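Trainee: Hey, dropping run21.cif in here, mmCIF, C-alpha atoms and all ligand atoms:
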data_entry
loop_
_atom_site.label_atom_id
_atom_site.label_comp_id
_atom_site.auth_asym_id
_atom_site.auth_seq_id
_atom_site.Cartn_x
_atom_site.Cartn_y
_atom_site.Cartn_z
CA MET A 1 15.53 3.06 9.74
CA SER A 2 17.00 1.55 6.54
CA GLU A 3 16.09 3.29 3.32
CA LEU A 4 12.66 2.54 1.91
CA ILE A 5 12.95 0.62 -1.35
CA LEU A 6 9.93 0.36 -3.62
CA HIS A 7 9.88 -2.53 -6.10
CA HIS A 8 7.47 -1.36 -8.80
CA TYR A 9 6.96 -0.26 -12.38
CA TRP A 10 5.82 3.21 -13.29
CA GLN A 11 2.52 2.23 -14.98
CA SER A 12 1.24 0.28 -11.95
CA PRO A 13 -1.76 1.99 -10.26
CA PHE A 14 -1.24 0.23 -6.92
CA ALA A 15 2.39 1.35 -7.01
CA HIS A 16 1.32 4.87 -7.96
CA LYS A 17 -0.80 4.96 -4.80
CA ILE A 18 2.26 4.18 -2.69
CA ARG A 19 4.37 6.70 -4.65
CA LEU A 20 1.72 9.30 -3.73
CA VAL A 21 1.93 8.25 -0.07
CA LEU A 22 5.73 8.63 -0.07
CA GLY A 23 5.41 11.91 -1.96
CA LEU A 24 2.84 13.38 0.42
CA ILE A 25 4.96 12.48 3.44
CA ASP A 26 7.85 13.96 1.45
CA ILE A 27 10.30 11.20 2.24
CA SER A 28 13.11 10.02 -0.04
CA TRP A 29 13.04 6.45 -1.34
CA ARG A 30 14.84 4.10 -3.73
CA SER A 31 13.16 2.85 -6.86
CA VAL A 32 13.72 -0.69 -8.19
CA GLU A 33 11.95 -1.26 -11.47
CA ILE A 34 10.51 -4.76 -11.88
CA PRO A 35 8.98 -6.45 -14.97
CA ARG A 36 5.25 -5.99 -15.60
CA ILE A 37 4.71 -9.71 -16.04
CA PRO A 38 6.55 -12.76 -14.66
CA PRO A 39 9.25 -13.96 -14.52
CA LYS A 40 10.46 -11.55 -11.83
CA PRO A 41 13.78 -13.15 -10.85
CA LEU A 42 14.97 -10.23 -8.72
CA LEU A 43 11.71 -9.94 -6.79
CA ILE A 44 10.59 -13.48 -5.98
CA PRO A 45 13.67 -14.40 -3.86
CA LEU A 46 12.72 -11.48 -1.63
CA THR A 47 8.98 -12.13 -1.35
CA ALA A 48 8.69 -15.92 -0.89
CA GLY A 49 6.53 -16.08 -4.01
CA TYR A 50 4.42 -12.89 -3.86
CA ARG A 51 4.40 -11.58 -7.44
CA ARG A 52 2.20 -8.50 -7.29
CA THR A 53 3.24 -4.89 -7.50
CA PRO A 54 4.30 -2.95 -5.47
CA VAL A 55 6.49 -4.43 -2.74
CA LEU A 56 8.16 -2.27 -0.09
CA GLN A 57 11.51 -3.32 1.33
CA CYS A 58 13.14 -1.88 4.42
CA GLY A 59 16.39 -3.79 4.98
CA ALA A 60 15.43 -7.42 5.53
CA ASP A 61 11.72 -6.63 6.01
CA VAL A 62 9.50 -7.04 2.98
CA PHE A 63 5.97 -5.62 3.00
CA CYS A 64 3.41 -6.89 0.48
CA ASP A 65 -0.01 -5.42 -0.39
CA THR A 66 -0.73 -1.70 -0.27
CA GLN A 67 -3.06 -1.90 2.79
CA ASN A 68 -0.12 -3.36 4.68
CA ILE A 69 2.49 -1.14 3.04
CA VAL A 70 0.71 2.07 4.04
CA ARG A 71 0.61 0.95 7.69
CA ALA A 72 4.30 0.06 7.52
CA ILE A 73 5.19 3.47 6.07
CA ALA A 74 3.14 5.28 8.73
CA ASP A 75 4.88 3.29 11.49
CA LEU A 76 8.39 3.50 10.03
CA THR A 77 8.21 7.26 9.33
CA ASP A 78 6.08 8.12 12.37
CA ASP A 79 3.53 9.83 10.12
CA HIS A 80 0.22 10.62 11.82
CA GLN A 81 -1.55 12.34 8.95
CA LEU A 82 -2.34 9.74 6.31
CA ILE A 83 -3.93 7.14 8.55
CA PRO A 84 -4.40 8.95 11.89
CA ALA A 85 -5.21 6.56 14.74
CA SER A 86 -8.65 8.07 15.35
CA LYS A 87 -9.75 7.50 11.73
CA ARG A 88 -7.57 4.54 10.77
CA ALA A 89 -10.33 1.92 10.74
CA LYS A 90 -12.68 4.02 8.62
CA ILE A 91 -9.94 4.98 6.17
CA LEU A 92 -8.70 1.41 5.71
CA MET A 93 -12.21 0.00 5.25
CA PHE A 94 -12.89 2.63 2.61
CA THR A 95 -9.61 2.03 0.78
CA ASP A 96 -10.14 -1.73 0.93
CA TRP A 97 -13.44 -1.19 -0.89
CA ILE A 98 -11.74 1.01 -3.50
CA ASP A 99 -8.94 -1.56 -4.00
CA GLY A 100 -11.49 -4.35 -4.41
CA THR A 101 -14.86 -3.32 -5.81
CA VAL A 102 -13.94 -0.08 -7.56
CA PHE A 103 -10.53 -1.16 -8.87
CA ASN A 104 -11.93 -4.43 -10.22
CA LEU A 105 -14.55 -2.58 -12.25
CA ALA A 106 -11.98 -0.05 -13.50
CA VAL A 107 -9.54 -2.77 -14.50
CA ARG A 108 -12.32 -4.61 -16.37
CA VAL A 109 -13.14 -1.47 -18.34
CA ILE A 110 -9.48 -0.76 -19.11
CA LEU A 111 -8.48 -4.31 -20.06
CA THR A 112 -11.64 -4.95 -22.09
CA SER A 113 -11.07 -1.72 -23.99
CA ALA A 114 -7.40 -2.65 -24.56
CA MET A 115 -8.13 -6.24 -25.62
CA GLU A 116 -7.15 -5.66 -29.26
CA THR A 117 -4.17 -3.38 -28.64
CA ALA A 118 -2.33 -4.64 -25.54
CA PRO A 119 0.21 -7.47 -25.89
CA PRO A 120 -1.67 -10.83 -25.70
CA GLU A 121 0.66 -12.16 -22.97
CA PHE A 122 -0.17 -9.12 -20.82
CA ILE A 123 -3.94 -9.63 -21.28
CA GLN A 124 -3.60 -13.37 -20.50
CA ASP A 125 -1.63 -12.66 -17.35
CA ARG A 126 -3.94 -9.96 -15.99
CA ALA A 127 -7.11 -11.86 -16.91
CA GLY A 128 -5.81 -14.75 -14.79
CA LEU A 129 -5.39 -12.36 -11.86
CA TYR A 130 -8.59 -10.33 -12.16
CA PHE A 131 -11.24 -12.26 -14.10
CA GLY A 132 -11.05 -15.74 -12.59
CA SER A 133 -10.80 -18.84 -14.75
CA ASN A 134 -13.92 -18.64 -16.95
CA TRP A 135 -13.49 -15.41 -18.85
CA THR A 136 -13.76 -14.93 -22.62
CA PRO A 137 -13.06 -11.80 -24.68
CA ASP A 138 -16.62 -11.84 -26.04
CA GLY A 139 -18.11 -12.22 -22.56
CA LEU A 140 -16.09 -9.25 -21.28
CA LYS A 141 -17.10 -7.11 -24.27
CA ALA A 142 -20.80 -7.95 -23.83
CA GLN A 143 -20.61 -6.93 -20.17
CA LEU A 144 -18.70 -3.69 -20.78
CA PRO A 145 -21.64 -1.21 -20.84
CA GLY A 146 -23.02 -2.61 -17.57
CA VAL A 147 -19.57 -2.57 -15.98
CA ILE A 148 -19.13 1.10 -16.96
CA LEU A 149 -22.51 1.86 -15.37
CA GLN A 150 -21.46 0.14 -12.14
CA LEU A 151 -18.15 1.98 -12.07
CA GLY A 152 -19.98 5.28 -12.59
CA ALA A 153 -22.45 4.53 -9.78
CA HIS A 154 -19.62 3.87 -7.31
CA LEU A 155 -17.71 6.97 -8.39
CA LYS A 156 -20.90 9.03 -8.01
CA LEU A 157 -21.10 7.98 -4.35
CA ILE A 158 -17.48 8.94 -3.78
CA ASP A 159 -18.06 12.25 -5.57
CA GLN A 160 -21.06 13.01 -3.34
CA GLY A 161 -19.02 12.12 -0.26
CA LEU A 162 -16.47 14.74 -1.30
CA ALA A 163 -18.97 17.59 -1.81
CA GLY A 164 -17.68 20.91 -0.49
CA SER A 165 -14.01 21.07 0.33
CA GLY A 166 -11.45 18.92 2.14
CA GLY A 167 -11.06 15.19 1.95
CA PHE A 168 -13.33 12.15 2.24
CA VAL A 169 -12.91 11.56 5.98
CA SER A 170 -10.99 14.60 7.21
CA ARG A 171 -10.10 18.16 6.20
CA ALA A 172 -6.43 17.32 5.75
CA PRO A 173 -5.67 14.84 2.98
CA SER A 174 -5.60 11.24 4.16
CA TYR A 175 -4.88 7.88 2.56
CA ALA A 176 -8.58 7.78 1.58
CA ASP A 177 -8.01 10.80 -0.69
CA ILE A 178 -4.83 9.29 -2.08
CA SER A 179 -6.82 6.20 -3.08
CA ILE A 180 -9.45 8.37 -4.77
CA ALA A 181 -6.78 10.40 -6.62
CA ASN A 182 -5.12 7.18 -7.64
CA ILE A 183 -8.19 5.48 -9.11
CA ALA A 184 -8.87 8.68 -11.09
CA TRP A 185 -5.23 8.71 -12.31
CA PHE A 186 -5.65 5.10 -13.47
CA ILE A 187 -8.94 5.69 -15.30
CA ARG A 188 -7.68 8.92 -16.87
CA GLY A 189 -4.37 7.56 -18.06
CA ARG A 190 -5.27 4.08 -19.25
CA TRP A 191 -8.74 4.29 -20.81
CA GLU A 192 -9.14 6.51 -23.84
CA ASN A 193 -12.63 7.60 -22.71
CA GLY A 194 -11.38 8.07 -19.14
CA PRO A 195 -10.85 11.86 -19.21
CA ASN A 196 -14.36 12.41 -20.59
CA PHE A 197 -15.94 9.90 -18.19
CA LEU A 198 -14.32 11.59 -15.18
CA LYS A 199 -15.87 14.98 -16.03
CA GLN A 200 -19.08 13.73 -14.34
CA PHE A 201 -17.24 13.70 -11.01
CA PRO A 202 -15.90 17.22 -10.36
CA ASN A 203 -15.12 16.56 -6.70
CA ILE A 204 -13.06 13.51 -7.56
CA GLU A 205 -11.21 15.58 -10.16
CA ARG A 206 -10.57 18.24 -7.50
CA VAL A 207 -9.06 15.70 -5.09
CA GLU A 208 -7.04 14.12 -7.90
CA ARG A 209 -5.54 17.56 -8.67
CA GLU A 210 -5.00 18.54 -5.04
CA ILE A 211 -3.21 15.32 -4.13
CA HIS A 212 -0.98 15.37 -7.20
CA VAL A 213 0.16 18.99 -6.70
CA GLN A 214 1.06 18.32 -3.07
CA THR A 215 3.30 15.33 -3.73
CA SER A 216 7.03 15.44 -4.34
CA GLU A 217 8.97 12.62 -6.00
CA ARG A 218 12.25 12.22 -4.15
CA CYS A 219 13.50 8.91 -5.48
CA GLU A 220 16.74 7.51 -6.81
CA ASP A 221 17.12 4.38 -8.89
CA LEU A 222 18.55 1.20 -7.42
CA THR A 223 19.21 -2.07 -9.24
CA GLY A 224 17.35 -5.22 -8.25
CA ASP A 225 20.67 -6.91 -7.45
CA ALA A 226 21.65 -4.08 -5.10
CA ALA A 227 18.29 -4.37 -3.31
CA LEU A 228 18.83 -8.11 -2.82
CA ALA A 229 22.31 -7.39 -1.45
CA ILE A 230 20.85 -4.87 1.03
CA ALA A 231 18.42 -7.52 2.27
CA HIS A 232 21.29 -10.00 2.55
CA ASP A 233 23.35 -7.59 4.67
CA SER A 234 20.45 -6.61 6.95
CA LEU A 235 18.77 -8.20 9.93
CA SER A 236 15.05 -7.95 10.59
CA SER A 237 13.96 -6.79 14.00
CA ALA A 238 10.32 -7.71 13.38
CA PRO A 239 8.58 -9.06 16.48
CA GLU A 240 8.00 -12.78 16.92
CA GLY A 241 4.99 -14.49 18.42
CA VAL A 242 1.59 -15.78 17.47
CA GLN A 243 -1.19 -14.00 19.28
CA ARG A 244 -3.84 -16.42 20.53
CA GLN A 245 -6.78 -16.17 18.16
CA ALA A 246 -10.25 -17.56 18.77
CA GLU A 247 -10.84 -20.87 16.95
CA CYS A 248 -7.42 -20.83 15.31
CA SER A 249 -4.57 -23.28 15.91
CA MET A 250 -1.67 -21.56 14.15
CA GLN A 251 1.69 -22.07 15.89
CA GLN A 252 4.87 -20.05 15.57
CA GLY A 253 7.40 -21.85 13.33
CA MET A 254 4.82 -23.89 11.41
CA ARG A 255 5.13 -23.90 7.62
CA VAL A 256 2.28 -21.93 6.09
CA SER A 257 1.02 -21.03 2.67
CA ILE A 258 -0.66 -17.67 2.07
CA THR A 259 -2.82 -16.91 -0.99
CA PRO A 260 -5.19 -14.09 -1.93
CA GLN A 261 -8.80 -14.87 -0.99
CA ALA A 262 -10.09 -14.75 -4.58
CA ASP A 263 -10.24 -16.79 -7.76
CA THR A 264 -6.82 -15.76 -9.11
CA SER A 265 -3.72 -17.33 -10.64
CA ASP A 266 -1.42 -15.92 -7.92
CA PRO A 267 1.13 -18.49 -6.69
CA PRO A 268 1.20 -19.24 -2.93
CA ILE A 269 3.59 -17.43 -0.60
CA ILE A 270 5.27 -20.01 1.60
CA GLY A 271 7.37 -19.68 4.76
CA GLN A 272 7.64 -20.35 8.52
CA LEU A 273 5.08 -18.47 10.60
CA ARG A 274 6.96 -15.85 12.63
CA SER A 275 4.19 -13.66 13.93
CA LEU A 276 0.46 -13.21 13.74
CA ASP A 277 -1.48 -10.40 15.35
CA ASP A 278 -4.97 -9.07 14.64
CA ILE A 279 -4.12 -7.59 11.27
CA ARG A 280 -0.75 -8.78 9.98
CA VAL A 281 0.90 -12.13 9.28
CA SER A 282 4.70 -12.34 8.99
CA ILE A 283 6.75 -15.27 7.77
CA ASP A 284 10.44 -16.12 7.93
CA HIS A 285 11.87 -16.82 4.50
CA ASN A 286 15.33 -17.75 3.33
CA ALA A 287 16.81 -17.71 -0.16
CA PRO A 288 20.47 -17.72 -1.23
CA GLU A 289 20.14 -14.27 -2.87
CA VAL A 290 18.76 -12.58 0.27
CA GLY A 291 19.64 -14.79 3.26
CA ASP A 292 17.03 -14.50 6.03
CA VAL A 293 14.20 -12.03 5.45
CA VAL A 294 10.77 -11.48 6.96
CA VAL A 295 7.81 -11.14 4.60
CA HIS A 296 4.77 -9.28 5.96
CA LEU A 297 1.21 -9.49 4.58
CA PRO A 298 -2.19 -8.32 5.77
CA ILE A 299 -4.52 -11.01 7.13
CA ALA A 300 -7.68 -9.50 5.65
CA GLY A 301 -7.92 -10.62 2.03
CA TYR A 302 -5.51 -13.55 2.37
CA GLN A 303 -6.04 -17.21 3.21
CA ILE A 304 -3.39 -18.60 5.57
CA GLN A 305 -3.12 -22.36 5.68
CA SER A 306 -0.81 -24.81 7.39
CA CYS A 307 1.37 -26.87 5.01
CA GLU A 308 2.03 -29.47 7.74
N1 LIG B 1 -4.06 -6.17 -3.20
C1 LIG B 1 -2.82 -5.80 -3.84
C2 LIG B 1 -3.07 -5.69 -5.35
C3 LIG B 1 -1.84 -5.29 -6.12
C4 LIG B 1 -2.04 -5.48 -7.62
O1 LIG B 1 -2.95 -6.17 -8.09
N2 LIG B 1 -1.13 -4.86 -8.38
C5 LIG B 1 -1.12 -5.06 -9.80
C6 LIG B 1 -0.35 -3.93 -10.47
S1 LIG B 1 -1.17 -2.41 -10.32
C7 LIG B 1 -0.34 -6.32 -10.10
O2 LIG B 1 0.27 -6.85 -9.22
N3 LIG B 1 -0.33 -6.76 -11.32
C8 LIG B 1 0.42 -7.92 -11.65
C9 LIG B 1 1.91 -7.74 -11.59
O3 LIG B 1 2.42 -6.62 -11.44
O4 LIG B 1 2.60 -8.74 -11.74
C10 LIG B 1 -2.30 -4.50 -3.24
O5 LIG B 1 -3.07 -3.74 -2.61
O6 LIG B 1 -1.10 -4.25 -3.32
#
Go through the file and emit its structure as structure tokens.
Ligand SMILES: N[C@@H](CCC(=O)N[C@@H](CS)C(=O)NCC(=O)O)C(=O)O
Mentor:
Amino acid sequence: MSELILHHYWQSPFAHKIRLVLGLIDISWRSVEIPRIPPKPLLIPLTAGYRRTPVLQCGADVFCDTQNIVRAIADLTDDHQLIPASKRAKILMFTDWIDGTVFNLAVRVILTSAMETAPPEFIQDRAGLYFGSNWTPDGLKAQLPGVILQLGAHLKLIDQGLAGSGGFVSRAPSYADISIANIAWFIRGRWENGPNFLKQFPNIERVEREIHVQTSERCEDLTGDAALAIAHDSLSSAPEGVQRQAECSMQQGMRVSITPQADTSDPPIIGQLRSLDDIRVSIDHNAPEVGDVVVHLPIAGYQIQSCE
């Protein structure tokens, strides 16, 4: 296996989740720091347009979206603890809900509270990703108390699900617990009332502590240029082939565009369809900086459309 390279920035909560995964498996990895807002000239050639954080690179294979990245890490490292086969579906449904419903409420609270202090270009960029096209600062502020109530109600459910000891779906820590620890880390570190708010959820605080003490951080820096060169000098061995899907006429080799299934300002990811199974879509992409690479995304949460 080529080295695992994480393209990320340290403040990113989705990247923190993957850093916790790598740390809990106790595997070494290379860290490429990318800008917090576009342009991202040393990332986009690799990802065919995907701009979010984090991105995991393994040679000429590029994995986008944390639901997909965690599967890739489990497969590449042969780890059976974080998403064990017998509990994989339950864990990934739970973490999908955290990444969507719970994260979106948390990010609303954090960005609304930071509206006056964060750089305006950062607020503009993130609002385009998370609040759709019709947001206003006053509208967000008026909704804040209700959004905090919703966030608290969801966290209460998680807290109740953690009563006693062990993790959310198993005794040993799983990716579900990493996602819980991560959302707590985000709320605690980025909202000034976060530490006080979290005191209502002692079981979440327990899991946040337990996960963080168990993780190592075995990473070394790598430049973006060096990561592009590694992709250029590598060859993907990702499988090819489009699995027959009911009521779907996608063909291998067709040019497709892939966008998140939400009202966001994300640009499309475009390439030639290389493979499609029940859960993952992979496209062939070529750029002068990286040569031929394969970009992998999850199907759930993304709209795949033919460009032909
Ligand atoms: N569904 C994606 C969401 C990733 C995401 O929204 N990440 C944030 C950072 S925590 C982001 O990309 N922000 C914009 C950026 O970094 O350009 C995943 O699971 O990876």
Trainee: Measuring atom to atom with only C-alpha atoms, identify which of A:Leu276, A:Ile73, A:Leu129, A:Ala60 is nearest to A:Ile230.
Mentor: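 Residue with the minimum atom-to-atom distance to A:Ile230: A:Ala60.
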Trainee: Given the choices A:Pro54, A:Pro195, A:Gly146, A:Gly132, which gets closest to A:Lys17 if the distance is worked out from only C-alpha atoms?
Mentor: A:Pro54
Trainee: Between atom CA of A:Ala106 and atom CA of A:Val207, what is the spacing in Å?
Mentor: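 Spanning atom CA of A:Val207 to atom CA of A:Ala106 is a straight-line distance of 18.1 Å.
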Trainee: Kindly work out which residues sit at most 7 Å from ligand LIG 1 (chain B), using all atoms listed in the file, and give the list as a PyMOL selection string.
Mentor: chain A and resi 12-15+36-38+51-54+64-67+99+126
Trainee: What does the distance between atom CA of A:Ile5 and atom CA of A:Pro298 come to in Å, to one decimal place?
Mentor: 19.0 Å
Trainee: When you look at A:Leu43 with a cut-off of 12 Å (counting only C-alpha atoms), what residues show up, excluding the ones that are within fewer than 2 positions of it in the same chain? I need them as a PyMOL selection string.
Mentor: chain A and resi 5-8+32-41+45-57+62+64+223-228+231+287+289-290
Trainee: Could you state the separation of atom CA of A:Gly164 and atom CA of A:Arg206 in Å, given to one decimal place?
Mentor: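 It comes out at 10.3 Å.
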Trainee: Show me, as a list in words, the residues that have an atom within 10 Å of A:Trp185 when counting only C-alpha atoms, minus same-chain residues fewer than 5 positions from it.
Mentor: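 Non-adjacent residues within range: Pro13, His16, Lys17, Ser179, Ile180, Arg190, Gly194, Pro195, Leu198, Glu205, Glu208, Arg209 and His212 of chain A.
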Trainee: With all atoms listed in the file as the counted atoms, please give the residues lying no more than 12 Å from A:Leu149, apart from itself and same-chain residues fewer than 4 positions off, as a count of residues only.
Mentor: 12
Trainee: For each of A:Pro267, A:Pro120, A:Pro288, A:Pro202, take the minimum atom-to-atom distance to A:Pro137, counting all atoms listed in the file, then give the residue where this is smallest.
Mentor: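 Under the stated criterion, the closest residue is A:Pro120.
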Trainee: Determine the nearest neighbour of A:Ile270 from the options A:Ile44, A:Phe122, A:Cys58, A:Ala74, counting all atoms listed in the file.
Mentor: A:Ile44
Trainee: Would you please work out which residue, of A:Pro119, A:Gln303, A:Ser275, A:Leu222, is nearest to A:Pro260 when using only C-alpha atoms?
Mentor: A:Gln303
Trainee: Because the input lacks atoms here, generate N, CA and C atoms for stretch 285-302 of chain A and report them as a PDB file, keeping the file's coordinate frame.
Mentor:
ATOM      1  N   HIS A 285      11.580 -16.255   5.823  1.00  0.00           N
ATOM      2  CA  HIS A 285      11.870 -16.820   4.500  1.00  0.00           C
ATOM      3  C   HIS A 285      13.373 -16.740   4.286  1.00  0.00           C
ATOM      4  N   ASN A 286      13.898 -17.747   3.625  1.00  0.00           N
ATOM      5  CA  ASN A 286      15.330 -17.750   3.330  1.00  0.00           C
ATOM      6  C   ASN A 286      15.542 -18.109   1.878  1.00  0.00           C
ATOM      7  N   ALA A 287      16.411 -17.374   1.214  1.00  0.00           N
ATOM      8  CA  ALA A 287      16.810 -17.710  -0.160  1.00  0.00           C
ATOM      9  C   ALA A 287      18.272 -17.308  -0.307  1.00  0.00           C
ATOM     10  N   PRO A 288      19.043 -18.032  -1.137  1.00  0.00           N
ATOM     11  CA  PRO A 288      20.470 -17.720  -1.230  1.00  0.00           C
ATOM     12  C   PRO A 288      20.735 -16.257  -1.563  1.00  0.00           C
ATOM     13  N   GLU A 289      19.905 -15.662  -2.429  1.00  0.00           N
ATOM     14  CA  GLU A 289      20.140 -14.270  -2.870  1.00  0.00           C
ATOM     15  C   GLU A 289      19.965 -13.259  -1.740  1.00  0.00           C
ATOM     16  N   VAL A 290      19.116 -13.579  -0.751  1.00  0.00           N
ATOM     17  CA  VAL A 290      18.760 -12.580   0.270  1.00  0.00           C
ATOM     18  C   VAL A 290      19.070 -13.031   1.696  1.00  0.00           C
ATOM     19  N   GLY A 291      19.464 -14.276   1.902  1.00  0.00           N
ATOM     20  CA  GLY A 291      19.640 -14.790   3.260  1.00  0.00           C
ATOM     21  C   GLY A 291      18.298 -14.851   3.969  1.00  0.00           C
ATOM     22  N   ASP A 292      18.279 -14.452   5.251  1.00  0.00           N
ATOM     23  CA  ASP A 292      17.030 -14.500   6.030  1.00  0.00           C
ATOM     24  C   ASP A 292      16.290 -13.174   5.908  1.00  0.00           C
ATOM     25  N   VAL A 293      15.040 -13.243   5.489  1.00  0.00           N
ATOM     26  CA  VAL A 293      14.200 -12.030   5.450  1.00  0.00           C
ATOM     27  C   VAL A 293      12.857 -12.353   6.103  1.00  0.00           C
ATOM     28  N   VAL A 294      12.124 -11.303   6.422  1.00  0.00           N
ATOM     29  CA  VAL A 294      10.770 -11.480   6.960  1.00  0.00           C
ATOM     30  C   VAL A 294       9.793 -10.840   5.982  1.00  0.00           C
ATOM     31  N   VAL A 295       8.806 -11.627   5.558  1.00  0.00           N
ATOM     32  CA  VAL A 295       7.810 -11.140   4.600  1.00  0.00           C
ATOM     33  C   VAL A 295       6.507 -10.897   5.348  1.00  0.00           C
ATOM     34  N   HIS A 296       5.971  -9.687   5.207  1.00  0.00           N
ATOM     35  CA  HIS A 296       4.770  -9.280   5.960  1.00  0.00           C
ATOM     36  C   HIS A 296       3.591  -9.098   5.000  1.00  0.00           C
ATOM     37  N   LEU A 297       2.436  -9.651   5.379  1.00  0.00           N
ATOM     38  CA  LEU A 297       1.210  -9.490   4.580  1.00  0.00           C
ATOM     39  C   LEU A 297       0.048  -9.125   5.503  1.00  0.00           C
ATOM     40  N   PRO A 298      -1.005  -8.526   4.928  1.00  0.00           N
ATOM     41  CA  PRO A 298      -2.190  -8.320   5.770  1.00  0.00           C
ATOM     42  C   PRO A 298      -2.928  -9.645   5.923  1.00  0.00           C
ATOM     43  N   ILE A 299      -3.711  -9.789   6.990  1.00  0.00           N
ATOM     44  CA  ILE A 299      -4.520 -11.010   7.130  1.00  0.00           C
ATOM     45  C   ILE A 299      -5.799 -10.864   6.308  1.00  0.00           C
ATOM     46  N   ALA A 300      -6.429  -9.696   6.393  1.00  0.00           N
ATOM     47  CA  ALA A 300      -7.680  -9.500   5.650  1.00  0.00           C
ATOM     48  C   ALA A 300      -7.391  -9.607   4.150  1.00  0.00           C
ATOM     49  N   GLY A 301      -8.120 -10.469   3.479  1.00  0.00           N
ATOM     50  CA  GLY A 301      -7.920 -10.620   2.030  1.00  0.00           C
ATOM     51  C   GLY A 301      -7.006 -11.768   1.655  1.00  0.00           C
ATOM     52  N   TYR A 302      -6.439 -12.444   2.659  1.00  0.00           N
ATOM     53  CA  TYR A 302      -5.510 -13.550   2.370  1.00  0.00           C
ATOM     54  C   TYR A 302      -5.885 -14.787   3.178  1.00  0.00           C
TER      55      TYR A 302
END
